[in-house]
Amino acid sequence: MRQHPTSSPLTLEQSQAELDGITALSLRDAQGLAGLLLAAANAAGLSAANPPLVQIGPEGTGAILLCHGGHVVLEGVPDAGLCFVDVAGIGVINAQRGLDVIARRLGARHIRVESRRRGSTPAATRSEA
């Protein structure tokens, strides 16, 4: 039986924000939001696992990009000029940088951010026969 210890710690970096002062048109542009999620993921150091999914409905806009080891999520209320954003990933990423890209491109006038890092315990040892 061989054991392969993983010595690097597992961490989750996450930045969440409430952005307001955004034009309704920006939050209803499905193609623009899809490109924005890809740009934010790239800035954060994440790589897309699938194309972005953007749904625009009567109650608001939902957009998600699943990444290898993370995600970028945006929930918008176009008529209120408001959106909530979550950028998170496991390992060495910069979630805040991804969030900054979204806030800048959407032209947010007010930004409330909460960032956190979780984890930092060594990964479990894996045994193989």
# chains A, B, ... in the order shown; residues from 1 in each chain; ligands from 1
>>> residues_around(residues="A:Ala39", least_positions_apart="6", cutoff="9 Å", atoms="only C-alpha atoms", output="ChimeraX atom specification")
/A:98,101-102
>>> write_last_selection(atoms="C-alpha atoms", output="CSV table (one decimal), in the first residue's frame")
chain,number,residue,atom,x,y,z
A,98,GLY,CA,-12.7,38.9,-10.5
A,101,VAL,CA,-13.7,43.3,-13.1
A,102,ILE,CA,-17.5,42.9,-12.7
>>> select_by_dssp(residues="chain A", states="alpha helix (DSSP H)", output="ChimeraX atom specification")
/A:24-27,30-44,95-106
>>> closest_residue(among="A:Gln14, A:Thr61, A:Asn94, A:Asn50", to="A:Val113", atoms="only C-alpha atoms")
A:Gln14
>>> closest_residue(among="A:Pro52, A:Gly119, A:Arg105, A:Glu13", to="A:Ala34", atoms="only C-alpha atoms")
A:Pro52
>>> closest_residue(among="A:Arg28, A:Arg117, A:Arg109, A:His71", to="A:Val85", atoms="only C-alpha atoms")
A:His71
>>> residues_around(residues="stretch 18-20 of chain A", least_positions_apart="4", cutoff="7 Å", atoms="only C-alpha atoms", output="MDAnalysis selection string")
chainID A and resid 81:85 103 108:113
>>> residues_around(residues="A:Ala48", least_positions_apart="3", cutoff="9 Å", atoms="only C-alpha atoms", output="list in words")
Leu38, Ala41, Asn42, Pro51, Pro52, Leu65, Leu66, Cys67, His68, Gly70 and His71 of chain A
>>> write_last_selection(atoms="N, CA and C atoms", output="PDB file, in the first residue's frame")
ATOM      1  N   LEU A  38     -16.899  35.369 -17.971  1.00  0.00           N
ATOM      2  CA  LEU A  38     -15.645  34.780 -18.444  1.00  0.00           C
ATOM      3  C   LEU A  38     -14.451  35.676 -18.101  1.00  0.00           C
ATOM      4  N   ALA A  41     -13.787  35.427 -14.311  1.00  0.00           N
ATOM      5  CA  ALA A  41     -13.141  34.156 -13.968  1.00  0.00           C
ATOM      6  C   ALA A  41     -11.664  34.199 -14.340  1.00  0.00           C
ATOM      7  N   ASN A  42     -11.364  34.680 -15.518  1.00  0.00           N
ATOM      8  CA  ASN A  42      -9.979  34.784 -15.965  1.00  0.00           C
ATOM      9  C   ASN A  42      -9.170  35.679 -15.026  1.00  0.00           C
ATOM     10  N   PRO A  51     -19.650  26.646 -20.705  1.00  0.00           N
ATOM     11  CA  PRO A  51     -20.011  28.018 -21.096  1.00  0.00           C
ATOM     12  C   PRO A  51     -20.889  28.648 -20.014  1.00  0.00           C
ATOM     13  N   PRO A  52     -20.883  29.980 -19.931  1.00  0.00           N
ATOM     14  CA  PRO A  52     -21.754  30.653 -18.959  1.00  0.00           C
ATOM     15  C   PRO A  52     -23.222  30.404 -19.280  1.00  0.00           C
ATOM     16  N   LEU A  65     -21.251  30.859 -14.019  1.00  0.00           N
ATOM     17  CA  LEU A  65     -20.169  30.213 -14.747  1.00  0.00           C
ATOM     18  C   LEU A  65     -19.511  29.237 -13.786  1.00  0.00           C
ATOM     19  N   LEU A  66     -19.660  27.948 -14.085  1.00  0.00           N
ATOM     20  CA  LEU A  66     -18.986  26.931 -13.281  1.00  0.00           C
ATOM     21  C   LEU A  66     -17.568  26.796 -13.799  1.00  0.00           C
ATOM     22  N   CYS A  67     -16.630  26.774 -12.881  1.00  0.00           N
ATOM     23  CA  CYS A  67     -15.214  26.697 -13.225  1.00  0.00           C
ATOM     24  C   CYS A  67     -14.602  25.456 -12.589  1.00  0.00           C
ATOM     25  N   HIS A  68     -13.428  25.100 -13.040  1.00  0.00           N
ATOM     26  CA  HIS A  68     -12.684  24.017 -12.408  1.00  0.00           C
ATOM     27  C   HIS A  68     -12.244  24.535 -11.041  1.00  0.00           C
ATOM     28  N   GLY A  70     -14.189  26.231  -8.825  1.00  0.00           N
ATOM     29  CA  GLY A  70     -14.787  27.489  -8.390  1.00  0.00           C
ATOM     30  C   GLY A  70     -15.998  27.884  -9.210  1.00  0.00           C
ATOM     31  N   HIS A  71     -16.433  29.127  -9.032  1.00  0.00           N
ATOM     32  CA  HIS A  71     -17.579  29.634  -9.777  1.00  0.00           C
ATOM     33  C   HIS A  71     -17.611  31.160  -9.754  1.00  0.00           C
TER      34      HIS A  71
END
>>> select_by_dssp(residues="chain A", states="strand (DSSP E or B)", output="PyMOL selection string")
chain A and resi 2-4+9-20+48+53-57+60-67+70-77+82-90+110-122+126-128
>>> closest_residue(among="A:Gly89, A:Leu106, A:Gly45, A:Ala40", to="A:Leu25", atoms="only C-alpha atoms")
A:Leu106
>>> closest_residue(among="A:Ile93, A:Ala88, A:Leu12, A:Leu33", to="A:Gln55", atoms="only C-alpha atoms")
A:Leu33
>>> closest_residue(among="A:Asp86, A:Asp79, A:Glu114, A:Asp100", to="A:Gly21", atoms="only C-alpha atoms")
A:Asp79
